[in-house]
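Just below is one structure, and these are the notes that go with it.
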Amino acid sequence: MERDDPKLALIVGGRSVGEHLDAAIKRGDVVRREDGALSLTGPQIERDEVGRKGGFLGRAGANDRRCGFLNGFLFDNAYGQTQVPSGCRTCFKVKISTRSLRALMAAKQIAEATPFTTKSGASVDNPANQDLYSTYVYCDGLDEARAAHQALRRAIDADARLGPEVAITIKRGCTNYERKLGPSDRYAFDPGLEAVEAYLAARFRDERPPRKATKAAVAQLRMLRLIRTAYRIGDETYRDFTDGEPLVSPLVSYPPGPEAPAE
């Protein structure tokens, strides 16, 4: 059993890491392979390539992290949602909040001009997010995030598609951590977490199914989904990306009463 391994005896949230993993295996969220490898399984594996990771348009750069391992495996399962992983302790994000697809794509362009990892997409269907669209720039530490914020603020203020009214904030780690464990400025990290995470990183096997489509094809399908989302919420700037054409033909509407006779 996982709880018998001395490397997993560290207590988080009142139980050892091994006990948390045993519970995850019993639930079916984690599977232990014959060679001792551990993998996510069932609903925790995102099989929809277009919808994976929220359907965001991403670009890997500096500070690209193993978020599936850190959040999906460690936080949700090895730590039973009771401890932020040590590997996330210096993760800070600059978040650009936009209100139209036009503005989102402008923010995406500016963010991707930086050396950092970024992602951009619709947040309107996320019940834990008040924004319509969001762009995230991943930084290593608060000082780096503050420097990136200043540079992004200048670029966004100068862009006619955006401007000073666009909100830019700095947040720490993933939202689900803070929703579950409280304010991120109060996180604590046991020094023993680093050894546990190094051990589990060596045992973790990513079992996501192989891609069936190219990255370019997935990006195109995600863009189409963004256009459909913009249409659904009444954001007419989607026409910037359809050559001005409506996504669907408008329906005929009728006046509520008889028209006045022509004179």
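Each chain in the structure tokens gets a letter, A, B, ..., in the order shown, and its residues are numbered from 1; ligands are numbered from 1 in order too.
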
If you run DSSP over the backbone, which residues in stretch 4-224 of chain A end up strand (DSSP E or B)? Put them as an NGL selection string.
:A and (11-12 or 15-16 or 30-32 or 38-40 or 57-59 or 62 or 91-98 or 116 or 118-122 or 133-140 or 167-172 or 204)

May I have the residues within 8 Å of A:Phe116 as a list in words, using only C-alpha atoms and disregarding those fewer than 6 positions away in the same chain?
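Once the adjacent positions are removed, what remains is Ala60, Gly61, Ala62, Asn63, Asp64, Val137, Tyr138 and Cys139 of chain A.
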
Need the shell around A:Lys180: protein/DNA/RNA residues with any atom at most 12 Å away, counting only C-alpha atoms. Skip same-chain ones fewer than 6 positions apart. Format as a list of chain:residue names?
A:Phe75, A:Asp76, A:Gly80, A:Gln81, A:Thr82, A:Gln83, A:Val84, A:Ala128, A:Cys174, A:Tyr187

Written selection (N, CA and C atoms) as a PDB file, in the first residue's frame:
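Once written, selection-v7.pdb looks like this:
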ATOM      1  N   PHE A  75      -2.089  18.169  -5.825  1.00  0.00           N
ATOM      2  CA  PHE A  75      -3.067  18.881  -4.997  1.00  0.00           C
ATOM      3  C   PHE A  75      -4.340  18.059  -4.813  1.00  0.00           C
ATOM      4  N   ASP A  76      -4.914  17.589  -5.918  1.00  0.00           N
ATOM      5  CA  ASP A  76      -6.201  16.893  -5.832  1.00  0.00           C
ATOM      6  C   ASP A  76      -6.104  15.534  -5.158  1.00  0.00           C
ATOM      7  N   GLY A  80      -4.835  15.558  -1.146  1.00  0.00           N
ATOM      8  CA  GLY A  80      -6.257  15.583  -0.788  1.00  0.00           C
ATOM      9  C   GLY A  80      -6.844  16.980  -0.716  1.00  0.00           C
ATOM     10  N   GLN A  81      -6.354  17.895  -1.544  1.00  0.00           N
ATOM     11  CA  GLN A  81      -6.808  19.284  -1.572  1.00  0.00           C
ATOM     12  C   GLN A  81      -6.607  19.998  -0.237  1.00  0.00           C
ATOM     13  N   THR A  82      -5.582  19.590   0.500  1.00  0.00           N
ATOM     14  CA  THR A  82      -5.309  20.216   1.800  1.00  0.00           C
ATOM     15  C   THR A  82      -3.988  20.984   1.828  1.00  0.00           C
ATOM     16  N   GLN A  83      -3.220  20.952   0.744  1.00  0.00           N
ATOM     17  CA  GLN A  83      -1.898  21.561   0.731  1.00  0.00           C
ATOM     18  C   GLN A  83      -1.548  22.012  -0.686  1.00  0.00           C
ATOM     19  N   VAL A  84      -1.079  23.264  -0.815  1.00  0.00           N
ATOM     20  CA  VAL A  84      -0.567  23.738  -2.097  1.00  0.00           C
ATOM     21  C   VAL A  84       0.796  23.088  -2.331  1.00  0.00           C
ATOM     22  N   ALA A 128     -16.298  30.220 -11.236  1.00  0.00           N
ATOM     23  CA  ALA A 128     -15.416  30.823 -10.235  1.00  0.00           C
ATOM     24  C   ALA A 128     -14.717  32.067 -10.766  1.00  0.00           C
ATOM     25  N   CYS A 174      -3.012  28.784  -8.681  1.00  0.00           N
ATOM     26  CA  CYS A 174      -4.291  28.478  -9.324  1.00  0.00           C
ATOM     27  C   CYS A 174      -5.459  28.876  -8.421  1.00  0.00           C
ATOM     28  N   TYR A 187      -0.208  30.976   2.563  1.00  0.00           N
ATOM     29  CA  TYR A 187       0.227  29.609   2.296  1.00  0.00           C
ATOM     30  C   TYR A 187       1.483  29.282   3.100  1.00  0.00           C
TER      31      TYR A 187
END

Looking at only C-alpha atoms, which of A:Thr169, A:Ala188, A:Leu101, A:Glu112 is the one that sits closest to A:Thr242?
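Smallest distance to A:Thr242 is found for A:Leu101.
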
Identify, with DSSP run on backbone atoms, the residues in stretch 4-128 of chain A assigned to helix (DSSP H, G or I), and express the list as a PyMOL selection string.
chain A and resi 4+6-8+17-27+42-44+52-55+67-78+86-88+101-111
